[in-house]
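One file, structure38.cif, is given below (mmCIF, C-alpha atoms).
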```cif
data_protein
loop_
_atom_site.label_atom_id
_atom_site.label_comp_id
_atom_site.auth_asym_id
_atom_site.auth_seq_id
_atom_site.Cartn_x
_atom_site.Cartn_y
_atom_site.Cartn_z
CA MET A 1 381.01 142.32 218.81
CA PHE A 2 384.51 143.77 218.89
CA PHE A 3 386.97 143.74 221.77
CA CYS A 4 386.70 143.29 225.48
CA TRP A 5 388.64 145.99 227.32
CA VAL A 6 391.90 144.72 228.74
CA GLN A 7 395.06 146.31 230.04
CA SER A 8 397.91 145.32 227.73
CA ASP A 9 401.38 144.47 228.93
CA PHE A 10 402.71 143.52 225.47
CA ASN A 11 406.20 144.78 224.68
CA THR A 12 405.90 144.19 220.95
CA MET A 13 403.65 145.58 218.26
CA LYS A 14 403.50 142.23 216.45
CA ILE A 15 400.17 141.64 218.18
CA ASN A 16 398.38 142.55 214.94
CA GLU A 17 400.45 140.40 212.56
CA ASN A 18 397.53 138.00 211.99
CA THR A 19 394.63 140.36 212.76
CA LEU A 20 391.87 141.40 210.35
CA LEU A 21 389.31 143.99 211.44
CA GLU A 22 386.12 144.33 209.39
CA GLY A 23 384.02 147.49 209.68
CA ASN A 24 381.14 148.91 207.68
CA LYS A 25 383.14 150.47 204.85
CA VAL A 26 386.64 149.13 205.35
CA VAL A 27 388.71 146.10 206.24
CA LEU A 28 392.00 146.58 208.10
CA VAL A 29 394.78 144.04 207.51
CA PRO A 30 398.47 143.80 208.51
CA TYR A 31 400.97 145.46 206.17
CA THR A 32 402.76 142.63 204.33
CA ALA A 33 405.33 142.49 201.56
CA GLU A 34 402.57 141.87 199.01
CA HIS A 35 401.20 145.36 199.69
CA VAL A 36 404.52 147.15 199.11
CA PRO A 37 404.37 147.70 195.30
CA ARG A 38 401.01 149.50 195.52
CA TYR A 39 402.17 151.50 198.53
CA HIS A 40 405.33 152.45 196.65
CA GLU A 41 403.25 153.79 193.76
CA TRP A 42 401.21 155.88 196.17
CA MET A 43 404.28 157.45 197.71
CA LYS A 44 405.51 158.75 194.36
CA SER A 45 402.77 161.37 194.66
CA PRO A 46 404.12 164.82 195.64
CA GLU A 47 400.80 165.50 197.39
CA LEU A 48 401.11 162.42 199.63
CA GLN A 49 404.78 163.14 200.27
CA GLN A 50 403.80 166.60 201.51
CA LEU A 51 400.84 165.40 203.58
CA THR A 52 402.90 162.66 205.25
CA ALA A 53 406.19 164.59 205.47
CA SER A 54 407.85 161.75 203.56
CA GLU A 55 410.77 161.50 201.18
CA PRO A 56 410.51 159.34 198.03
CA LEU A 57 412.06 155.88 198.39
CA THR A 58 413.20 153.26 195.93
CA LEU A 59 411.22 150.04 195.83
CA ASP A 60 414.01 148.22 197.69
CA GLN A 61 413.98 150.92 200.38
CA GLU A 62 410.19 150.56 200.63
CA TYR A 63 410.60 146.83 201.32
CA ASP A 64 413.20 147.66 203.98
CA MET A 65 410.76 150.14 205.54
CA GLN A 66 407.99 147.54 205.53
CA ARG A 67 410.26 145.08 207.36
CA SER A 68 411.11 147.71 209.97
CA TRP A 69 407.42 148.43 210.55
CA ARG A 70 406.88 144.71 211.04
CA ASP A 71 409.75 144.28 213.48
CA ASP A 72 409.84 147.54 215.46
CA ASP A 73 408.38 147.37 218.95
CA ASP A 74 406.89 150.87 218.80
CA LYS A 75 404.73 150.63 215.65
CA CYS A 76 401.36 149.12 214.78
CA THR A 77 400.26 149.41 211.15
CA PHE A 78 397.19 148.30 209.21
CA ILE A 79 396.51 148.61 205.48
CA ILE A 80 393.03 149.97 204.73
CA LEU A 81 391.00 147.99 202.18
CA ASP A 82 387.76 148.98 200.47
CA LYS A 83 385.28 146.49 201.93
CA GLN A 84 383.00 146.40 198.90
CA ARG A 85 385.87 145.53 196.53
CA TRP A 86 387.43 143.15 199.05
CA ALA A 87 384.14 141.23 199.30
CA ASP A 88 384.55 140.33 195.61
CA GLY A 89 386.95 137.39 195.77
CA SER A 90 387.93 137.85 192.13
CA VAL A 91 389.66 141.15 193.01
CA GLN A 92 393.24 140.87 194.25
CA GLU A 93 393.65 142.24 197.76
CA GLU A 94 396.29 144.74 196.61
CA GLN A 95 393.70 146.25 194.26
CA CYS A 96 391.43 146.91 197.26
CA MET A 97 393.99 149.11 199.06
CA VAL A 98 392.96 152.70 199.80
CA GLY A 99 395.40 153.80 202.53
CA ASP A 100 397.02 152.95 205.84
CA VAL A 101 396.66 153.73 209.54
CA ASN A 102 399.32 153.65 212.22
CA LEU A 103 399.91 153.87 215.95
CA PHE A 104 403.36 154.90 217.19
CA LEU A 105 404.42 154.62 220.82
CA THR A 106 406.47 157.82 220.77
CA ASP A 107 407.44 158.16 224.43
CA PRO A 108 409.51 155.32 225.98
CA ALA A 109 408.71 156.72 229.41
CA ASP A 110 404.95 156.55 228.75
CA PRO A 111 403.85 153.48 226.75
CA THR A 112 400.22 154.54 227.14
CA LEU A 113 400.75 157.51 224.79
CA ALA A 114 400.27 156.75 221.09
CA GLU A 115 400.62 158.97 218.05
CA LEU A 116 397.87 158.23 215.52
CA GLU A 117 398.38 158.71 211.78
CA ILE A 118 396.03 157.94 208.91
CA MET A 119 396.48 158.25 205.16
CA ILE A 120 393.67 157.87 202.62
CA ALA A 121 395.81 157.57 199.51
CA GLU A 122 393.04 157.03 196.97
CA PRO A 123 391.31 160.38 196.24
CA GLY A 124 388.01 158.67 195.39
CA HIS A 125 387.73 157.41 198.97
CA ARG A 126 388.18 160.80 200.62
CA GLY A 127 385.17 162.65 201.98
CA GLN A 128 383.19 159.39 202.28
CA GLY A 129 383.52 158.86 206.04
CA VAL A 130 386.28 156.29 205.55
CA GLY A 131 388.85 158.24 207.55
CA LYS A 132 386.51 158.67 210.49
CA GLU A 133 385.58 154.99 210.63
CA VAL A 134 389.21 153.87 210.36
CA THR A 135 390.30 156.31 213.07
CA ARG A 136 387.63 155.05 215.45
CA MET A 137 388.54 151.43 214.72
CA MET A 138 392.24 152.08 215.33
CA MET A 139 391.56 153.98 218.55
CA SER A 140 389.37 151.13 219.81
CA TYR A 141 392.11 148.65 218.94
CA GLY A 142 394.77 150.77 220.66
CA VAL A 143 392.78 151.07 223.87
CA ALA A 144 391.66 147.45 223.99
CA LYS A 145 394.80 145.68 222.83
CA LEU A 146 397.69 148.05 223.55
CA GLY A 147 396.53 149.82 226.69
CA VAL A 148 396.61 153.30 225.12
CA LYS A 149 395.31 156.03 227.43
CA ARG A 150 396.17 159.12 225.41
CA PHE A 151 396.17 159.71 221.67
CA GLU A 152 398.12 162.36 219.81
CA ALA A 153 397.83 163.49 216.18
CA LYS A 154 400.29 165.79 214.41
CA ILE A 155 398.79 167.30 211.27
CA GLY A 156 400.05 169.82 208.73
CA LEU A 157 398.40 173.21 209.10
CA SER A 158 397.32 173.10 205.46
CA ASN A 159 395.42 169.84 206.00
CA GLN A 160 392.26 171.43 207.34
CA VAL A 161 390.10 168.42 206.43
CA SER A 162 392.07 166.11 208.75
CA ILE A 163 392.21 168.72 211.51
CA ALA A 164 388.43 169.11 211.35
CA MET A 165 387.92 165.32 211.44
CA PHE A 166 390.04 164.85 214.56
CA LYS A 167 388.27 167.74 216.30
CA LYS A 168 384.92 166.11 215.51
CA LEU A 169 386.30 163.06 217.29
CA HIS A 170 386.86 165.28 220.36
CA PHE A 171 390.62 165.79 219.97
CA GLN A 172 391.79 169.11 221.45
CA GLU A 173 394.48 171.37 220.04
CA VAL A 174 397.45 171.53 222.40
CA SER A 175 400.15 173.26 220.35
CA VAL A 176 401.08 174.74 216.98
CA CYS A 177 404.59 174.52 215.54
CA GLN A 178 405.15 177.21 212.93
CA VAL A 179 408.61 175.85 212.08
CA PHE A 180 407.18 172.52 210.92
CA SER A 181 403.78 174.03 210.00
CA GLU A 182 401.87 171.48 212.04
CA VAL A 183 399.34 171.36 214.82
CA THR A 184 399.30 168.79 217.65
CA LEU A 185 395.94 167.47 218.86
CA GLN A 186 395.38 165.16 221.82
CA LEU A 187 392.61 163.07 223.35
CA THR A 188 392.72 161.51 226.82
CA VAL A 189 390.85 158.22 227.17
CA ASP A 190 388.55 158.75 230.12
CA GLU A 191 385.48 156.69 230.91
CA SER A 192 383.25 158.67 228.52
CA VAL A 193 385.71 158.20 225.66
CA ARG A 194 386.06 154.52 226.49
CA ALA A 195 382.28 154.07 226.43
CA ARG A 196 382.00 155.95 223.14
CA LEU A 197 384.71 153.82 221.53
CA LEU A 198 383.03 150.64 222.77
CA GLU A 199 379.78 151.76 221.17
CA ASP A 200 381.52 152.82 217.94
CA SER A 201 383.28 149.47 217.62
CA ALA A 202 380.29 147.25 218.38
CA HIS A 203 379.87 146.41 214.68
CA VAL A 204 383.55 145.59 214.07
CA GLU A 205 384.50 141.94 213.61
CA GLU A 206 387.99 140.65 214.39
CA ARG A 207 389.23 137.56 212.55
CA ASP A 208 392.47 135.75 211.75
CA TYR A 209 393.99 137.34 208.68
CA GLY A 210 395.82 134.35 207.19
CA PRO A 211 392.89 131.93 206.79
CA THR A 212 390.60 134.75 205.65
CA ARG A 213 393.00 135.90 202.95
CA SER A 214 393.62 132.34 201.78
CA GLY A 215 389.88 131.77 201.54
CA ARG A 216 389.36 134.62 199.08
CA ARG A 217 389.18 133.49 195.47
CA GLY A 218 391.36 136.43 194.51
CA ALA A 219 394.20 135.41 196.83
CA PRO A 220 397.40 134.65 194.91
CA LYS A 221 398.36 130.99 194.63
CA ALA A 222 401.96 131.16 195.78
CA SER A 223 404.52 128.45 195.16
CA SER A 224 406.45 127.08 198.10
CA CYS A 225 409.35 129.40 197.22
CA ALA A 226 407.05 132.42 197.11
CA ALA A 227 405.49 131.40 200.40
CA ASP A 228 408.93 131.19 201.99
CA ALA A 229 409.81 134.64 200.66
CA SER A 230 406.65 136.24 201.97
CA SER A 231 407.16 134.76 205.42
CA THR A 232 410.54 136.50 205.71
CA VAL A 233 409.37 139.89 204.44
CA LYS A 234 406.17 140.68 206.25
CA GLU A 235 405.11 145.13 208.08
CA ALA A 236 402.28 155.32 209.51
CA PRO A 237 401.89 157.36 206.89
CA ARG A 238 405.59 157.40 207.75
#
```
Can you dump the structure from the file as structure tokens?
Amino acid sequence: MFFCWVQSDFNTMKINENTLLEGNKVVLVPYTAEHVPRYHEWMKSPELQQLTASEPLTLDQEYDMQRSWRDDDDKCTFIILDKQRWADGSVQEEQCMVGDVNLFLTDPADPTLAELEIMIAEPGHRGQGVGKEVTRMMMSYGVAKLGVKRFEAKIGLSNQVSIAMFKKLHFQEVSVCQVFSEVTLQLTVDESVRARLLEDSAHVEERDYGPTRSGRRGAPKASSCAADASSTVKEAPR
């Protein structure tokens, strides 16, 4: 089983820093410094820059961004891993990465409102139902662990695939901004949505990330110096 439903009163998004969520097709893990080089390569793509409204960063800037995602109180980020590749312990975790998913608490006056963003960076994993599973998992996590009661997604008007996916998940269009060429979709978490998310997440397993990663044969054997470095540099598309 997945989560019990609880009202969250956490004031930090570090709740997921040691959380691993395993679904049918994907595994979600916290965004650590070890993931940054692969993420940096992704974000050199003009297509992903356009889809995520991002500017290209240097590698050092990408590490700075990762640290801010780890430390900021209003962000919750998971890296998406291909479960089939991840199950092979001989494959390094960074080689299993296919994208990321994020929750942003965008309104200080309403901590129950969360903006949801998802990026499937690897083209071979698009159109396979990965985005839909990840979105459901992240929504379930947001409701159960963070007390989210309303989700919002802002999507470029040209990204019809993502717009269609969110509408299939019962998000409703609330506004269109021609200046930024984006549409805003929202979903309120009522009892029917809550029940649907509970059903959708019944197969998801939650485990401690650290021991699970260390137990994989493909996990890097860090020296004490490397371990110290990684502990100081740990965490939508942007």
Which residues match the PyMOL selection byres ((chain A and resi 48-62) around 9) in the file above, as a CSV table (one decimal) with C-alpha atoms, in the frame of the given file?
```
chain,number,residue,atom,x,y,z
A,36,VAL,CA,404.5,147.2,199.1
A,37,PRO,CA,404.4,147.7,195.3
A,39,TYR,CA,402.2,151.5,198.5
A,40,HIS,CA,405.3,152.4,196.6
A,42,TRP,CA,401.2,155.9,196.2
A,43,MET,CA,404.3,157.4,197.7
A,44,LYS,CA,405.5,158.8,194.4
A,45,SER,CA,402.8,161.4,194.7
A,46,PRO,CA,404.1,164.8,195.6
A,47,GLU,CA,400.8,165.5,197.4
A,63,TYR,CA,410.6,146.8,201.3
A,64,ASP,CA,413.2,147.7,204.0
A,65,MET,CA,410.8,150.1,205.5
A,66,GLN,CA,408.0,147.5,205.5
A,67,ARG,CA,410.3,145.1,207.4
A,117,GLU,CA,398.4,158.7,211.8
A,119,MET,CA,396.5,158.2,205.2
A,121,ALA,CA,395.8,157.6,199.5
A,155,ILE,CA,398.8,167.3,211.3
A,156,GLY,CA,400.0,169.8,208.7
A,158,SER,CA,397.3,173.1,205.5
A,159,ASN,CA,395.4,169.8,206.0
A,236,ALA,CA,402.3,155.3,209.5
A,237,PRO,CA,401.9,157.4,206.9
A,238,ARG,CA,405.6,157.4,207.8
```
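Using only C-alpha atoms, the smallest distance between any of A:Leu185, A:Ala164, A:Val134, A:Ala202 and Glu115 of chain A comes from A:Leu185.
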Using the chain letters and numbers from this file, what does the PyMOL selection byres ((chain A and resi 186-192) around 8) select? Give the answer as a VMD selection string. chain A and resid 148 to 153 170 to 174 184 to 185 193 to 196
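Within 10 Å of segment 131-133 of chain A there are Gly23, Asn24, Lys25, Val26, Ile80, Gly99, Asp100, Val101, Ile118, Met119, Ile120, His125, Arg126, Met138, Met139, Ser162, Met165, Phe166, Lys168, Leu169, Asp200 and Ser201 of chain A, counting all atoms listed in the file and ignoring same-chain residues fewer than 5 positions away.
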In terms of the shortest atom-to-atom distance over only C-alpha atoms, which of A:Val183, A:Leu116, A:Ile79, A:Met97 is closest to Leu28 of chain A? A:Ile79
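The coordinates place atom CA of Lys154 of chain A at 12.5 Å from atom CA of Gln178 of chain A.
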Since the input lacks some atoms of segment 164-175 of chain A, please model all heavy atoms and print them as a PDB file, in the coordinates of the input.
```pdb
ATOM      1  N   ALA A 164     389.860 169.054 211.025  1.00  0.00           N
ATOM      2  CA  ALA A 164     388.430 169.110 211.350  1.00  0.00           C
ATOM      3  C   ALA A 164     387.910 167.734 211.768  1.00  0.00           C
ATOM      4  O   ALA A 164     387.102 167.624 212.699  1.00  0.00           O
ATOM      5  CB  ALA A 164     387.644 169.634 210.154  1.00  0.00           C
ATOM      6  N   MET A 165     388.376 166.671 211.096  1.00  0.00           N
ATOM      7  CA  MET A 165     387.920 165.320 211.440  1.00  0.00           C
ATOM      8  C   MET A 165     388.319 164.952 212.861  1.00  0.00           C
ATOM      9  O   MET A 165     387.504 164.450 213.641  1.00  0.00           O
ATOM     10  CB  MET A 165     388.477 164.299 210.457  1.00  0.00           C
ATOM     11  CG  MET A 165     387.961 162.880 210.719  1.00  0.00           C
ATOM     12  SD  MET A 165     388.923 161.574 209.920  1.00  0.00           S
ATOM     13  CE  MET A 165     390.400 161.538 210.957  1.00  0.00           C
ATOM     14  N   PHE A 166     389.589 165.207 213.220  1.00  0.00           N
ATOM     15  CA  PHE A 166     390.040 164.850 214.560  1.00  0.00           C
ATOM     16  C   PHE A 166     389.315 165.676 215.625  1.00  0.00           C
ATOM     17  O   PHE A 166     389.002 165.166 216.710  1.00  0.00           O
ATOM     18  CB  PHE A 166     391.556 165.022 214.674  1.00  0.00           C
ATOM     19  CG  PHE A 166     392.329 163.826 214.199  1.00  0.00           C
ATOM     20  CD1 PHE A 166     392.815 163.770 212.902  1.00  0.00           C
ATOM     21  CD2 PHE A 166     392.569 162.748 215.034  1.00  0.00           C
ATOM     22  CE1 PHE A 166     393.523 162.664 212.444  1.00  0.00           C
ATOM     23  CE2 PHE A 166     393.269 161.631 214.596  1.00  0.00           C
ATOM     24  CZ  PHE A 166     393.748 161.591 213.296  1.00  0.00           C
ATOM     25  N   LYS A 167     389.021 166.926 215.327  1.00  0.00           N
ATOM     26  CA  LYS A 167     388.270 167.740 216.300  1.00  0.00           C
ATOM     27  C   LYS A 167     386.851 167.218 216.470  1.00  0.00           C
ATOM     28  O   LYS A 167     386.289 167.262 217.572  1.00  0.00           O
ATOM     29  CB  LYS A 167     388.293 169.205 215.866  1.00  0.00           C
ATOM     30  CG  LYS A 167     389.652 169.869 216.067  1.00  0.00           C
ATOM     31  CD  LYS A 167     389.622 171.359 215.747  1.00  0.00           C
ATOM     32  CE  LYS A 167     390.961 172.013 216.091  1.00  0.00           C
ATOM     33  NZ  LYS A 167     390.979 173.465 215.806  1.00  0.00           N
ATOM     34  N   LYS A 168     386.251 166.704 215.387  1.00  0.00           N
ATOM     35  CA  LYS A 168     384.920 166.110 215.510  1.00  0.00           C
ATOM     36  C   LYS A 168     384.958 164.858 216.385  1.00  0.00           C
ATOM     37  O   LYS A 168     383.941 164.491 216.982  1.00  0.00           O
ATOM     38  CB  LYS A 168     384.377 165.764 214.123  1.00  0.00           C
ATOM     39  CG  LYS A 168     383.921 166.969 213.320  1.00  0.00           C
ATOM     40  CD  LYS A 168     383.380 166.546 211.958  1.00  0.00           C
ATOM     41  CE  LYS A 168     382.936 167.758 211.147  1.00  0.00           C
ATOM     42  NZ  LYS A 168     382.450 167.361 209.793  1.00  0.00           N
ATOM     43  N   LEU A 169     386.129 164.240 216.436  1.00  0.00           N
ATOM     44  CA  LEU A 169     386.300 163.060 217.290  1.00  0.00           C
ATOM     45  C   LEU A 169     386.759 163.444 218.698  1.00  0.00           C
ATOM     46  O   LEU A 169     387.239 162.608 219.449  1.00  0.00           O
ATOM     47  CB  LEU A 169     387.302 162.095 216.647  1.00  0.00           C
ATOM     48  CG  LEU A 169     386.837 161.448 215.330  1.00  0.00           C
ATOM     49  CD1 LEU A 169     387.963 160.646 214.691  1.00  0.00           C
ATOM     50  CD2 LEU A 169     385.621 160.563 215.556  1.00  0.00           C
ATOM     51  N   HIS A 170     386.629 164.739 219.019  1.00  0.00           N
ATOM     52  CA  HIS A 170     386.860 165.280 220.360  1.00  0.00           C
ATOM     53  C   HIS A 170     388.331 165.458 220.718  1.00  0.00           C
ATOM     54  O   HIS A 170     388.659 165.630 221.900  1.00  0.00           O
ATOM     55  CB  HIS A 170     386.149 164.431 221.425  1.00  0.00           C
ATOM     56  CG  HIS A 170     384.687 164.235 221.173  1.00  0.00           C
ATOM     57  ND1 HIS A 170     383.749 165.223 221.417  1.00  0.00           N
ATOM     58  CD2 HIS A 170     383.998 163.188 220.655  1.00  0.00           C
ATOM     59  CE1 HIS A 170     382.543 164.786 221.086  1.00  0.00           C
ATOM     60  NE2 HIS A 170     382.660 163.553 220.616  1.00  0.00           N
ATOM     61  N   PHE A 171     389.225 165.428 219.730  1.00  0.00           N
ATOM     62  CA  PHE A 171     390.620 165.790 219.970  1.00  0.00           C
ATOM     63  C   PHE A 171     390.692 167.301 220.218  1.00  0.00           C
ATOM     64  O   PHE A 171     389.969 168.084 219.601  1.00  0.00           O
ATOM     65  CB  PHE A 171     391.497 165.431 218.772  1.00  0.00           C
ATOM     66  CG  PHE A 171     391.909 163.994 218.722  1.00  0.00           C
ATOM     67  CD1 PHE A 171     390.975 162.992 218.458  1.00  0.00           C
ATOM     68  CD2 PHE A 171     393.242 163.624 218.921  1.00  0.00           C
ATOM     69  CE1 PHE A 171     391.363 161.658 218.403  1.00  0.00           C
ATOM     70  CE2 PHE A 171     393.639 162.297 218.861  1.00  0.00           C
ATOM     71  CZ  PHE A 171     392.697 161.313 218.598  1.00  0.00           C
ATOM     72  N   GLN A 172     391.603 167.711 221.116  1.00  0.00           N
ATOM     73  CA  GLN A 172     391.790 169.110 221.450  1.00  0.00           C
ATOM     74  C   GLN A 172     393.160 169.592 220.985  1.00  0.00           C
ATOM     75  O   GLN A 172     394.156 168.870 221.115  1.00  0.00           O
ATOM     76  CB  GLN A 172     391.665 169.328 222.971  1.00  0.00           C
ATOM     77  CG  GLN A 172     390.332 168.894 223.552  1.00  0.00           C
ATOM     78  CD  GLN A 172     389.174 169.730 223.055  1.00  0.00           C
ATOM     79  OE1 GLN A 172     389.288 170.963 222.959  1.00  0.00           O
ATOM     80  NE2 GLN A 172     388.057 169.083 222.742  1.00  0.00           N
ATOM     81  N   GLU A 173     393.201 170.788 220.467  1.00  0.00           N
ATOM     82  CA  GLU A 173     394.480 171.370 220.040  1.00  0.00           C
ATOM     83  C   GLU A 173     395.316 171.720 221.257  1.00  0.00           C
ATOM     84  O   GLU A 173     394.852 172.391 222.168  1.00  0.00           O
ATOM     85  CB  GLU A 173     394.213 172.614 219.201  1.00  0.00           C
ATOM     86  CG  GLU A 173     395.453 173.282 218.650  1.00  0.00           C
ATOM     87  CD  GLU A 173     395.129 174.474 217.764  1.00  0.00           C
ATOM     88  OE1 GLU A 173     394.225 174.364 216.910  1.00  0.00           O
ATOM     89  OE2 GLU A 173     395.770 175.544 217.954  1.00  0.00           O
ATOM     90  N   VAL A 174     396.574 171.259 221.259  1.00  0.00           N
ATOM     91  CA  VAL A 174     397.450 171.530 222.400  1.00  0.00           C
ATOM     92  C   VAL A 174     398.642 172.405 222.028  1.00  0.00           C
ATOM     93  O   VAL A 174     399.230 173.053 222.893  1.00  0.00           O
ATOM     94  CB  VAL A 174     397.941 170.225 223.058  1.00  0.00           C
ATOM     95  CG1 VAL A 174     396.777 169.467 223.682  1.00  0.00           C
ATOM     96  CG2 VAL A 174     398.686 169.347 222.074  1.00  0.00           C
ATOM     97  N   SER A 175     399.030 172.413 220.749  1.00  0.00           N
ATOM     98  CA  SER A 175     400.150 173.260 220.350  1.00  0.00           C
ATOM     99  C   SER A 175     400.180 173.416 218.826  1.00  0.00           C
ATOM    100  O   SER A 175     399.621 172.599 218.088  1.00  0.00           O
ATOM    101  CB  SER A 175     401.495 172.669 220.821  1.00  0.00           C
ATOM    102  OG  SER A 175     401.762 171.452 220.173  1.00  0.00           O
TER     103      SER A 175
END
```
